[in-house]
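A.B. asks: Structure supplied as run_20.csv; contents: CSV, N, CA and C atoms and all ligand atoms.
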chain,number,residue,atom,x,y,z
A,1,MET,N,50.6,44.8,194.7
A,1,MET,CA,49.8,44.2,195.8
A,1,MET,C,50.8,44.0,197.0
A,2,THR,N,50.3,44.3,198.2
A,2,THR,CA,51.1,44.0,199.4
A,2,THR,C,50.9,42.5,199.8
A,3,ILE,N,52.1,41.9,199.9
A,3,ILE,CA,52.0,40.4,200.2
A,3,ILE,C,52.0,40.2,201.7
A,4,ASP,N,51.1,39.4,202.2
A,4,ASP,CA,51.0,39.1,203.6
A,4,ASP,C,52.0,37.8,203.8
A,5,MET,N,53.2,38.1,204.2
A,5,MET,CA,54.2,37.1,204.3
A,5,MET,C,53.9,36.1,205.4
A,6,GLN,N,53.2,36.5,206.4
A,6,GLN,CA,52.9,35.6,207.5
A,6,GLN,C,52.0,34.5,207.0
A,7,LYS,N,51.0,34.9,206.1
A,7,LYS,CA,50.1,33.9,205.6
A,7,LYS,C,50.8,33.0,204.6
A,8,VAL,N,51.7,33.6,203.8
A,8,VAL,CA,52.5,32.7,202.9
A,8,VAL,C,53.3,31.7,203.7
A,9,GLU,N,53.9,32.1,204.8
A,9,GLU,CA,54.7,31.2,205.6
A,9,GLU,C,53.8,30.1,206.3
A,10,GLN,N,52.6,30.6,206.7
A,10,GLN,CA,51.7,29.7,207.4
A,10,GLN,C,51.3,28.6,206.4
A,11,SER,N,50.9,29.0,205.2
A,11,SER,CA,50.5,27.9,204.2
A,11,SER,C,51.6,27.0,203.8
A,12,LEU,N,52.8,27.5,203.8
A,12,LEU,CA,54.0,26.6,203.5
A,12,LEU,C,54.2,25.7,204.7
A,13,ARG,N,54.1,26.2,205.9
A,13,ARG,CA,54.3,25.3,207.0
A,13,ARG,C,53.2,24.2,207.1
A,14,GLU,N,52.1,24.5,206.6
A,14,GLU,CA,51.0,23.5,206.6
A,14,GLU,C,51.2,22.5,205.5
A,15,LYS,N,51.7,23.0,204.3
A,15,LYS,CA,51.8,22.1,203.1
A,15,LYS,C,53.1,21.4,203.0
A,16,ILE,N,54.2,22.1,203.3
A,16,ILE,CA,55.5,21.5,203.0
A,16,ILE,C,56.0,20.7,204.2
A,17,CYS,N,56.0,21.3,205.4
A,17,CYS,CA,56.6,20.6,206.5
A,17,CYS,C,56.1,19.2,206.8
A,18,PRO,N,54.8,18.9,206.7
A,18,PRO,CA,54.4,17.5,207.0
A,18,PRO,C,54.9,16.5,205.9
A,19,SER,N,55.3,17.0,204.7
A,19,SER,CA,55.8,16.2,203.7
A,19,SER,C,57.3,16.0,203.7
A,20,CYS,N,57.9,16.8,204.6
A,20,CYS,CA,59.4,16.9,204.6
A,20,CYS,C,60.0,15.8,205.4
A,21,ALA,N,61.2,15.3,204.9
A,21,ALA,CA,61.9,14.2,205.6
A,21,ALA,C,62.4,14.7,206.9
A,22,ARG,N,62.5,16.0,207.1
A,22,ARG,CA,62.9,16.5,208.4
A,22,ARG,C,61.8,16.7,209.5
A,23,PHE,N,60.6,16.4,209.1
A,23,PHE,CA,59.5,16.6,210.0
A,23,PHE,C,59.4,15.4,210.9
A,24,THR,N,59.3,15.6,212.2
A,24,THR,CA,59.3,14.5,213.1
A,24,THR,C,57.9,14.1,213.5
A,25,THR,N,57.8,12.9,214.2
A,25,THR,CA,56.5,12.5,214.6
A,25,THR,C,55.9,13.4,215.7
A,26,GLN,N,56.8,14.2,216.3
A,26,GLN,CA,56.4,15.2,217.3
A,26,GLN,C,56.0,16.6,216.6
A,27,HIS,N,56.0,16.5,215.3
A,27,HIS,CA,55.6,17.7,214.5
A,27,HIS,C,56.6,18.8,214.7
A,28,THR,N,57.9,18.5,214.8
A,28,THR,CA,59.0,19.5,214.9
A,28,THR,C,59.9,19.2,213.7
A,29,CYS,N,60.9,20.1,213.6
A,29,CYS,CA,61.9,20.0,212.5
A,29,CYS,C,63.2,19.4,213.1
A,30,SER,N,63.7,18.4,212.4
A,30,SER,CA,64.9,17.8,213.0
A,30,SER,C,66.2,18.4,212.6
A,31,LEU,N,66.2,19.6,211.9
A,31,LEU,CA,67.4,20.3,211.5
A,31,LEU,C,68.1,20.7,212.7
A,32,PRO,N,69.4,20.7,212.8
A,32,PRO,CA,70.2,21.2,213.9
A,32,PRO,C,69.9,22.7,214.1
A,33,ALA,N,70.0,23.2,215.4
A,33,ALA,CA,69.7,24.6,215.7
A,33,ALA,C,70.6,25.5,214.8
A,34,ASP,N,71.8,25.1,214.5
A,34,ASP,CA,72.7,26.0,213.7
A,34,ASP,C,72.5,25.9,212.2
A,35,ARG,N,71.5,25.2,211.8
A,35,ARG,CA,71.2,25.1,210.3
A,35,ARG,C,69.8,25.5,210.0
A,36,PRO,N,69.6,26.7,209.7
A,36,PRO,CA,68.2,27.2,209.4
A,36,PRO,C,67.7,26.5,208.1
A,37,CYS,N,66.4,26.3,208.1
A,37,CYS,CA,65.7,25.7,206.9
A,37,CYS,C,65.9,26.6,205.7
A,38,SER,N,66.4,26.0,204.6
A,38,SER,CA,66.7,26.8,203.4
A,38,SER,C,65.4,27.5,202.8
A,39,LEU,N,64.3,26.8,203.0
A,39,LEU,CA,63.0,27.4,202.5
A,39,LEU,C,62.7,28.7,203.3
A,40,PHE,N,62.7,28.6,204.6
A,40,PHE,CA,62.2,29.8,205.4
A,40,PHE,C,63.3,30.8,205.5
A,41,ALA,N,64.6,30.4,205.5
A,41,ALA,CA,65.7,31.4,205.5
A,41,ALA,C,65.7,32.3,204.3
A,42,ASN,N,65.2,31.7,203.2
A,42,ASN,CA,65.2,32.5,201.9
A,42,ASN,C,63.8,32.8,201.4
A,43,LEU,N,62.9,32.9,202.3
A,43,LEU,CA,61.5,33.0,201.9
A,43,LEU,C,61.2,34.3,201.1
A,44,ASP,N,61.8,35.4,201.5
A,44,ASP,CA,61.5,36.6,200.7
A,44,ASP,C,62.0,36.5,199.3
A,45,SER,N,63.2,35.9,199.1
A,45,SER,CA,63.7,35.7,197.7
A,45,SER,C,62.8,34.7,196.9
A,46,VAL,N,62.4,33.6,197.6
A,46,VAL,CA,61.6,32.6,196.9
A,46,VAL,C,60.2,33.2,196.5
A,47,VAL,N,59.6,34.0,197.4
A,47,VAL,CA,58.4,34.6,197.0
A,47,VAL,C,58.6,35.5,195.8
A,48,ASP,N,59.6,36.3,195.8
A,48,ASP,CA,59.9,37.2,194.7
A,48,ASP,C,60.1,36.4,193.4
A,49,ILE,N,60.8,35.3,193.5
A,49,ILE,CA,61.0,34.4,192.3
A,49,ILE,C,59.6,34.0,191.8
A,50,VAL,N,58.8,33.5,192.7
A,50,VAL,CA,57.5,33.0,192.2
A,50,VAL,C,56.6,34.1,191.6
A,51,ARG,N,56.6,35.3,192.3
A,51,ARG,CA,55.8,36.4,191.8
A,51,ARG,C,56.3,36.9,190.4
A,52,ASP,N,57.6,36.9,190.2
A,52,ASP,CA,58.2,37.5,189.0
A,52,ASP,C,58.4,36.5,187.9
A,53,THR,N,58.3,35.2,188.1
A,53,THR,CA,58.6,34.3,187.0
A,53,THR,C,57.2,33.8,186.5
A,54,HIS,N,57.1,33.8,185.2
A,54,HIS,CA,55.9,33.3,184.6
A,54,HIS,C,56.2,32.3,183.5
A,55,SER,N,56.0,31.0,183.9
A,55,SER,CA,56.3,29.9,183.0
A,55,SER,C,55.5,28.7,183.4
A,56,THR,N,55.2,27.9,182.4
A,56,THR,CA,54.6,26.6,182.7
A,56,THR,C,55.6,25.5,183.0
A,57,ARG,N,56.9,25.9,182.9
A,57,ARG,CA,57.9,24.9,183.1
A,57,ARG,C,58.6,25.2,184.4
A,58,ILE,N,58.7,24.1,185.3
A,58,ILE,CA,59.4,24.3,186.6
A,58,ILE,C,60.9,24.6,186.4
A,59,ASP,N,61.5,24.1,185.3
A,59,ASP,CA,62.9,24.3,185.0
A,59,ASP,C,63.2,25.8,185.0
A,60,THR,N,62.3,26.6,184.5
A,60,THR,CA,62.5,28.1,184.5
A,60,THR,C,62.6,28.6,185.9
A,61,TYR,N,61.8,28.1,186.8
A,61,TYR,CA,61.8,28.5,188.2
A,61,TYR,C,63.1,28.0,188.9
A,62,VAL,N,63.5,26.8,188.5
A,62,VAL,CA,64.7,26.2,189.1
A,62,VAL,C,65.9,27.1,188.6
A,63,ASP,N,66.0,27.5,187.4
A,63,ASP,CA,67.1,28.3,186.9
A,63,ASP,C,67.2,29.6,187.7
A,64,VAL,N,66.1,30.2,188.0
A,64,VAL,CA,66.1,31.5,188.8
A,64,VAL,C,66.5,31.2,190.2
A,65,LEU,N,66.1,30.1,190.7
A,65,LEU,CA,66.4,29.7,192.1
A,65,LEU,C,68.0,29.5,192.2
A,66,ARG,N,68.5,28.8,191.2
A,66,ARG,CA,70.0,28.6,191.2
A,66,ARG,C,70.7,30.0,191.2
A,67,HIS,N,70.2,30.9,190.4
A,67,HIS,CA,70.9,32.1,190.2
A,67,HIS,C,70.7,33.1,191.4
A,68,GLU,N,69.5,33.1,191.9
A,68,GLU,CA,69.2,34.1,193.0
A,68,GLU,C,69.5,33.6,194.4
A,69,VAL,N,69.4,32.3,194.6
A,69,VAL,CA,69.5,31.8,196.0
A,69,VAL,C,70.7,30.8,196.1
A,70,CYS,N,70.8,29.8,195.3
A,70,CYS,CA,71.9,28.8,195.4
A,70,CYS,C,73.2,29.4,195.3
A,71,SER,N,73.4,30.4,194.4
A,71,SER,CA,74.7,31.0,194.1
A,71,SER,C,75.2,31.7,195.3
A,72,ALA,N,74.3,32.1,196.2
A,72,ALA,CA,74.7,32.9,197.4
A,72,ALA,C,74.7,32.0,198.7
A,73,CYS,N,74.4,30.7,198.5
A,73,CYS,CA,74.3,29.8,199.6
A,73,CYS,C,75.6,29.1,199.9
A,74,HIS,N,76.0,29.1,201.2
A,74,HIS,CA,77.4,28.6,201.5
A,74,HIS,C,77.5,27.1,201.2
A,75,PHE,N,76.4,26.4,200.9
A,75,PHE,CA,76.6,24.9,200.6
A,75,PHE,C,77.0,24.7,199.2
A,76,GLU,N,76.7,25.7,198.3
A,76,GLU,CA,77.1,25.5,196.9
A,76,GLU,C,78.6,25.8,196.6
A,77,ASP,N,79.2,24.9,195.9
A,77,ASP,CA,80.7,25.2,195.6
A,77,ASP,C,80.9,26.0,194.4
A,78,ASP,N,82.1,26.2,194.1
A,78,ASP,CA,82.5,27.1,192.9
A,78,ASP,C,82.1,26.5,191.6
A,79,HIS,N,81.7,25.2,191.6
A,79,HIS,CA,81.3,24.5,190.3
A,79,HIS,C,79.8,24.4,190.2
A,80,GLY,N,79.1,25.0,191.2
A,80,GLY,CA,77.6,25.0,191.2
A,80,GLY,C,77.1,23.7,191.7
A,81,SER,N,77.9,22.9,192.4
A,81,SER,CA,77.4,21.6,193.0
A,81,SER,C,77.0,21.9,194.4
A,82,CYS,N,76.1,21.1,194.9
A,82,CYS,CA,75.7,21.2,196.3
A,82,CYS,C,75.5,19.9,196.9
A,83,PRO,N,76.2,19.5,198.0
A,83,PRO,CA,76.0,18.2,198.6
A,83,PRO,C,74.7,18.0,199.2
A,84,LYS,N,74.1,19.1,199.7
A,84,LYS,CA,72.7,19.0,200.4
A,84,LYS,C,71.7,18.7,199.3
A,85,ARG,N,71.9,19.3,198.1
A,85,ARG,CA,71.0,19.1,197.0
A,85,ARG,C,71.1,17.6,196.6
A,86,ASP,N,72.3,17.2,196.4
A,86,ASP,CA,72.6,15.8,196.0
A,86,ASP,C,72.0,14.8,197.0
A,87,ASP,N,72.1,15.1,198.3
A,87,ASP,CA,71.6,14.2,199.3
A,87,ASP,C,70.1,14.3,199.6
A,88,MET,N,69.4,15.2,198.8
A,88,MET,CA,68.0,15.5,199.0
A,88,MET,C,67.8,16.0,200.4
A,89,ASP,N,68.8,16.8,200.9
A,89,ASP,CA,68.7,17.3,202.3
A,89,ASP,C,68.6,18.8,202.3
A,90,CYS,N,68.0,19.4,201.2
A,90,CYS,CA,67.6,20.8,201.2
A,90,CYS,C,66.1,20.8,200.9
A,91,ALA,N,65.3,21.2,201.9
A,91,ALA,CA,63.9,21.2,201.6
A,91,ALA,C,63.5,22.1,200.5
A,92,LEU,N,64.2,23.3,200.4
A,92,LEU,CA,63.8,24.2,199.3
A,92,LEU,C,64.0,23.6,198.0
A,93,ASN,N,65.1,22.8,197.8
A,93,ASN,CA,65.3,22.2,196.5
A,93,ASN,C,64.4,20.9,196.3
A,94,THR,N,64.3,20.1,197.3
A,94,THR,CA,63.6,18.8,197.2
A,94,THR,C,62.1,19.1,196.9
A,95,TYR,N,61.5,20.1,197.6
A,95,TYR,CA,60.0,20.3,197.5
A,95,TYR,C,59.7,21.5,196.6
A,96,TYR,N,60.6,21.9,195.8
A,96,TYR,CA,60.5,23.2,195.1
A,96,TYR,C,59.2,23.2,194.3
A,97,PRO,N,58.9,22.2,193.5
A,97,PRO,CA,57.6,22.3,192.7
A,97,PRO,C,56.4,22.5,193.6
A,98,LEU,N,56.3,21.8,194.7
A,98,LEU,CA,55.2,22.0,195.6
A,98,LEU,C,55.2,23.4,196.3
A,99,ILE,N,56.4,23.9,196.6
A,99,ILE,CA,56.6,25.2,197.2
A,99,ILE,C,56.1,26.3,196.2
A,100,VAL,N,56.5,26.2,194.9
A,100,VAL,CA,56.1,27.1,193.9
A,100,VAL,C,54.5,27.1,193.8
A,101,GLU,N,54.0,25.9,193.7
A,101,GLU,CA,52.5,25.7,193.6
A,101,GLU,C,51.8,26.4,194.8
A,102,THR,N,52.4,26.1,196.0
A,102,THR,CA,51.7,26.6,197.2
A,102,THR,C,51.8,28.1,197.3
A,103,ILE,N,52.9,28.7,196.9
A,103,ILE,CA,53.1,30.2,197.0
A,103,ILE,C,52.2,30.8,195.9
A,104,GLU,N,52.1,30.2,194.7
A,104,GLU,CA,51.3,30.7,193.7
A,104,GLU,C,49.8,30.7,194.1
A,105,ALA,N,49.4,29.7,194.7
A,105,ALA,CA,48.0,29.5,195.2
A,105,ALA,C,47.7,30.6,196.3
A,106,GLU,N,48.7,30.8,197.2
A,106,GLU,CA,48.5,31.8,198.3
A,106,GLU,C,48.5,33.2,197.7
A,107,LEU,N,49.4,33.5,196.8
A,107,LEU,CA,49.4,34.8,196.2
A,107,LEU,C,48.1,35.1,195.4
A,108,GLY,N,47.6,34.1,194.8
A,108,GLY,CA,46.4,34.2,194.0
A,108,GLY,C,45.2,34.5,195.0
A,109,ARG,N,45.2,33.8,196.1
A,109,ARG,CA,44.1,33.9,197.1
A,109,ARG,C,44.2,35.4,197.7
A,110,GLN,N,45.4,35.8,198.0
A,110,GLN,CA,45.5,37.2,198.5
A,110,GLN,C,45.1,38.2,197.5
A,111,SER,N,45.4,38.0,196.3
A,111,SER,CA,45.1,39.0,195.2
A,111,SER,C,43.6,39.0,195.0
A,112,ARG,N,42.9,37.9,195.1
A,112,ARG,CA,41.4,37.9,195.0
A,112,ARG,C,40.8,38.6,196.2
A,113,GLU,N,41.4,38.3,197.3
A,113,GLU,CA,40.8,38.9,198.6
A,113,GLU,C,41.0,40.5,198.5
A,114,GLN,N,42.1,40.9,198.0
A,114,GLN,CA,42.4,42.3,197.9
A,114,GLN,C,41.4,43.0,196.9
A,115,ALA,N,41.2,42.3,195.7
A,115,ALA,CA,40.3,42.8,194.7
A,115,ALA,C,38.9,42.9,195.3
A,116,LYS,N,38.5,41.9,196.0
A,116,LYS,CA,37.2,41.9,196.6
A,116,LYS,C,37.0,43.1,197.6
A,117,LEU,N,38.0,43.3,198.4
A,117,LEU,CA,38.0,44.4,199.3
A,117,LEU,C,37.9,45.8,198.6
A,118,ASN,N,38.7,45.9,197.5
A,118,ASN,CA,38.7,47.2,196.8
A,118,ASN,C,37.3,47.4,196.2
A,119,ARG,N,36.7,46.4,195.7
A,119,ARG,CA,35.3,46.5,195.1
A,119,ARG,C,34.3,47.0,196.1
A,120,SER,N,34.5,46.5,197.4
A,120,SER,CA,33.5,46.8,198.4
A,120,SER,C,33.7,48.2,199.0
A,121,LYS,N,34.8,48.9,198.7
A,121,LYS,CA,35.1,50.2,199.2
A,121,LYS,C,34.2,51.2,198.6
A,122,PRO,N,33.6,52.2,199.3
A,122,PRO,CA,32.8,53.2,198.7
A,122,PRO,C,33.6,54.0,197.7
A,123,GLN,N,33.0,54.4,196.5
A,123,GLN,CA,33.7,55.1,195.5
A,123,GLN,C,33.8,56.6,195.9
A,201,LIG,S1,63.4,21.4,206.9
A,201,LIG,FE1,62.1,23.2,206.6
A,201,LIG,S2,60.4,22.4,205.4
A,201,LIG,FE2,61.4,20.6,206.4
A,201,LIG,S3,60.3,20.3,208.4
A,201,LIG,FE3,62.1,21.7,208.7
A,201,LIG,S4,61.2,23.8,208.6
A,201,LIG,FE4,59.8,22.4,207.6
A,202,LIG,S1,70.1,23.4,196.9
A,202,LIG,FE1,72.1,23.7,198.0
A,202,LIG,S2,72.8,25.7,197.3
A,202,LIG,FE2,70.6,25.6,196.9
A,202,LIG,S3,69.6,26.5,198.7
A,202,LIG,FE3,69.7,24.3,199.0
A,202,LIG,S4,71.5,23.9,200.2
A,202,LIG,FE4,71.7,26.0,199.3
As C-alpha cells, how would this structure be written, given the file I've shared?
Ligand code: SF4
Ligand code: SF4

C.D. replies:
Amino acid sequence: MTIDMQKVEQSLREKICPSCARFTTQHTCSLPADRPCSLFANLDSVVDIVRDTHSTRIDTYVDVLRHEVCSACHFEDDHGSCPKRDDMDCALNTYYPLIVETIEAELGRQSREQAKLNRSKPQ
C-alpha cells in the first residue's frame, strides 16, 4: 500500500501537537529554530516502525524506536541515555503511545479507503 505521508503528518499535527508541552497558546511550536521536532524529523522511520511492528505491547514498539531512531539521535549518549528523554522534552518519546495509536488509525483508514477504491474499479 502506498502511504499518504501528508495525511499521516496532518493527523499527527491535529492529535499530538495540541497535547504537547511545546504547543503554545498561539498554536505554534516553542522549539528553537535549530532544533527540529523529533517526531516530524523522524516521521518516515516512525511510520515504518508502526507499519512493521505487530504487538499488543507498547514496549515492543519502544524497543524498535530505541534501536532505529534513538541510537542515531545526537542527544543519546554512548550508554543509551538521553537528557531530552529524561526531561520529558522529546515529543516523540513522551507521546509515543498516542503517536503509535494515531499512525495505526491513519494507516488503517488509508488501507480501507484503498480497498474501497480497488473494489469500485471496473474488472
Ligand atoms: S514539539 Fe513537535 S509535537 Fe510538540 S508542538 Fe512542536 S511540532 Fe508539535
Ligand atoms: S528520546 Fe532522546 S535519543 Fe530518542 S529521539 Fe528523543 S531526543 Fe533523540

A.B. asks: Taking only C-alpha atoms and all ligand atoms into account, list the residues no farther than 6 Å from ligand LIG 202 (chain A), as a list in words.

C.D. replies: Ser38, Val69, Cys70, Cys73, Phe75, Glu76, Cys82, Lys84, Arg85, Cys90, Leu92 and Asn93 of chain A

A.B. asks: Can you work out which one of A:Ala33, A:Ala21, A:Val8, A:Met88 has the shortest atom-to-atom distance to ligand LIG 201 (chain A), counting only C-alpha atoms and all ligand atoms?

C.D. replies: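 Checking each candidate against ligand LIG 201 (chain A), we get A:Ala21 as the closest.
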
A.B. asks: Residues within 6.5 Å of ligand LIG 201 (chain A), counting all atoms listed in the file: report them as a PDB file with N, CA and C atoms, in the coordinates of the input.

C.D. replies:
ATOM      1  N   ARG A  13      54.100  26.200 205.900  1.00  0.00           N
ATOM      2  CA  ARG A  13      54.300  25.300 207.000  1.00  0.00           C
ATOM      3  C   ARG A  13      53.200  24.200 207.100  1.00  0.00           C
ATOM      4  N   ILE A  16      54.200  22.100 203.300  1.00  0.00           N
ATOM      5  CA  ILE A  16      55.500  21.500 203.000  1.00  0.00           C
ATOM      6  C   ILE A  16      56.000  20.700 204.200  1.00  0.00           C
ATOM      7  N   CYS A  17      56.000  21.300 205.400  1.00  0.00           N
ATOM      8  CA  CYS A  17      56.600  20.600 206.500  1.00  0.00           C
ATOM      9  C   CYS A  17      56.100  19.200 206.800  1.00  0.00           C
ATOM     10  N   PRO A  18      54.800  18.900 206.700  1.00  0.00           N
ATOM     11  CA  PRO A  18      54.400  17.500 207.000  1.00  0.00           C
ATOM     12  C   PRO A  18      54.900  16.500 205.900  1.00  0.00           C
ATOM     13  N   CYS A  20      57.900  16.800 204.600  1.00  0.00           N
ATOM     14  CA  CYS A  20      59.400  16.900 204.600  1.00  0.00           C
ATOM     15  C   CYS A  20      60.000  15.800 205.400  1.00  0.00           C
ATOM     16  N   ALA A  21      61.200  15.300 204.900  1.00  0.00           N
ATOM     17  CA  ALA A  21      61.900  14.200 205.600  1.00  0.00           C
ATOM     18  C   ALA A  21      62.400  14.700 206.900  1.00  0.00           C
ATOM     19  N   ARG A  22      62.500  16.000 207.100  1.00  0.00           N
ATOM     20  CA  ARG A  22      62.900  16.500 208.400  1.00  0.00           C
ATOM     21  C   ARG A  22      61.800  16.700 209.500  1.00  0.00           C
ATOM     22  N   PHE A  23      60.600  16.400 209.100  1.00  0.00           N
ATOM     23  CA  PHE A  23      59.500  16.600 210.000  1.00  0.00           C
ATOM     24  C   PHE A  23      59.400  15.400 210.900  1.00  0.00           C
ATOM     25  N   THR A  24      59.300  15.600 212.200  1.00  0.00           N
ATOM     26  CA  THR A  24      59.300  14.500 213.100  1.00  0.00           C
ATOM     27  C   THR A  24      57.900  14.100 213.500  1.00  0.00           C
ATOM     28  N   THR A  28      57.900  18.500 214.800  1.00  0.00           N
ATOM     29  CA  THR A  28      59.000  19.500 214.900  1.00  0.00           C
ATOM     30  C   THR A  28      59.900  19.200 213.700  1.00  0.00           C
ATOM     31  N   CYS A  29      60.900  20.100 213.600  1.00  0.00           N
ATOM     32  CA  CYS A  29      61.900  20.000 212.500  1.00  0.00           C
ATOM     33  C   CYS A  29      63.200  19.400 213.100  1.00  0.00           C
ATOM     34  N   SER A  30      63.700  18.400 212.400  1.00  0.00           N
ATOM     35  CA  SER A  30      64.900  17.800 213.000  1.00  0.00           C
ATOM     36  C   SER A  30      66.200  18.400 212.600  1.00  0.00           C
ATOM     37  N   LEU A  31      66.200  19.600 211.900  1.00  0.00           N
ATOM     38  CA  LEU A  31      67.400  20.300 211.500  1.00  0.00           C
ATOM     39  C   LEU A  31      68.100  20.700 212.700  1.00  0.00           C
ATOM     40  N   CYS A  37      66.400  26.300 208.100  1.00  0.00           N
ATOM     41  CA  CYS A  37      65.700  25.700 206.900  1.00  0.00           C
ATOM     42  C   CYS A  37      65.900  26.600 205.700  1.00  0.00           C
ATOM     43  N   SER A  38      66.400  26.000 204.600  1.00  0.00           N
ATOM     44  CA  SER A  38      66.700  26.800 203.400  1.00  0.00           C
ATOM     45  C   SER A  38      65.400  27.500 202.800  1.00  0.00           C
ATOM     46  N   LEU A  39      64.300  26.800 203.000  1.00  0.00           N
ATOM     47  CA  LEU A  39      63.000  27.400 202.500  1.00  0.00           C
ATOM     48  C   LEU A  39      62.700  28.700 203.300  1.00  0.00           C
ATOM     49  N   PHE A  40      62.700  28.600 204.600  1.00  0.00           N
ATOM     50  CA  PHE A  40      62.200  29.800 205.400  1.00  0.00           C
ATOM     51  C   PHE A  40      63.300  30.800 205.500  1.00  0.00           C
ATOM     52  N   ALA A  91      65.300  21.200 201.900  1.00  0.00           N
ATOM     53  CA  ALA A  91      63.900  21.200 201.600  1.00  0.00           C
ATOM     54  C   ALA A  91      63.500  22.100 200.500  1.00  0.00           C
ATOM     55  N   LEU A  92      64.200  23.300 200.400  1.00  0.00           N
ATOM     56  CA  LEU A  92      63.800  24.200 199.300  1.00  0.00           C
ATOM     57  C   LEU A  92      64.000  23.600 198.000  1.00  0.00           C
TER      58      LEU A  92
END

A.B. asks: For the structure I just gave you, how does DSSP split stretch 14-122 of chain A - specifically, which residues are helix (DSSP H, G or I)? Reply as a PyMOL selection string.

C.D. replies: chain A and resi 14-15+17-19+38-41+43-52+58-68+70-72+83-86+91-94+96-120

A.B. asks: Suppose you want the space between atom CA of A:Asp86 and atom CA of A:Ala72; what is it in Å?

C.D. replies: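 Atom-to-atom, atom CA of A:Asp86 to atom CA of A:Ala72, that is 17.3 Å.
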
A.B. asks: Quote the spacing between atom N of A:Gln26 and atom N of A:Glu9 in Å to one decimal place.

C.D. replies: 21.5 Å

A.B. asks: Measuring atom to atom with all atoms listed in the file, identify which of A:Asn42, A:Thr53, A:Thr60, A:Gln110 is nearest to A:Ile3.

C.D. replies: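 Distance minimum relative to A:Ile3 lands on A:Gln110.
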
A.B. asks: To one decimal place, how far is atom CA of A:Thr56 from atom CA of A:His79 in Å?

C.D. replies: 27.8 Å
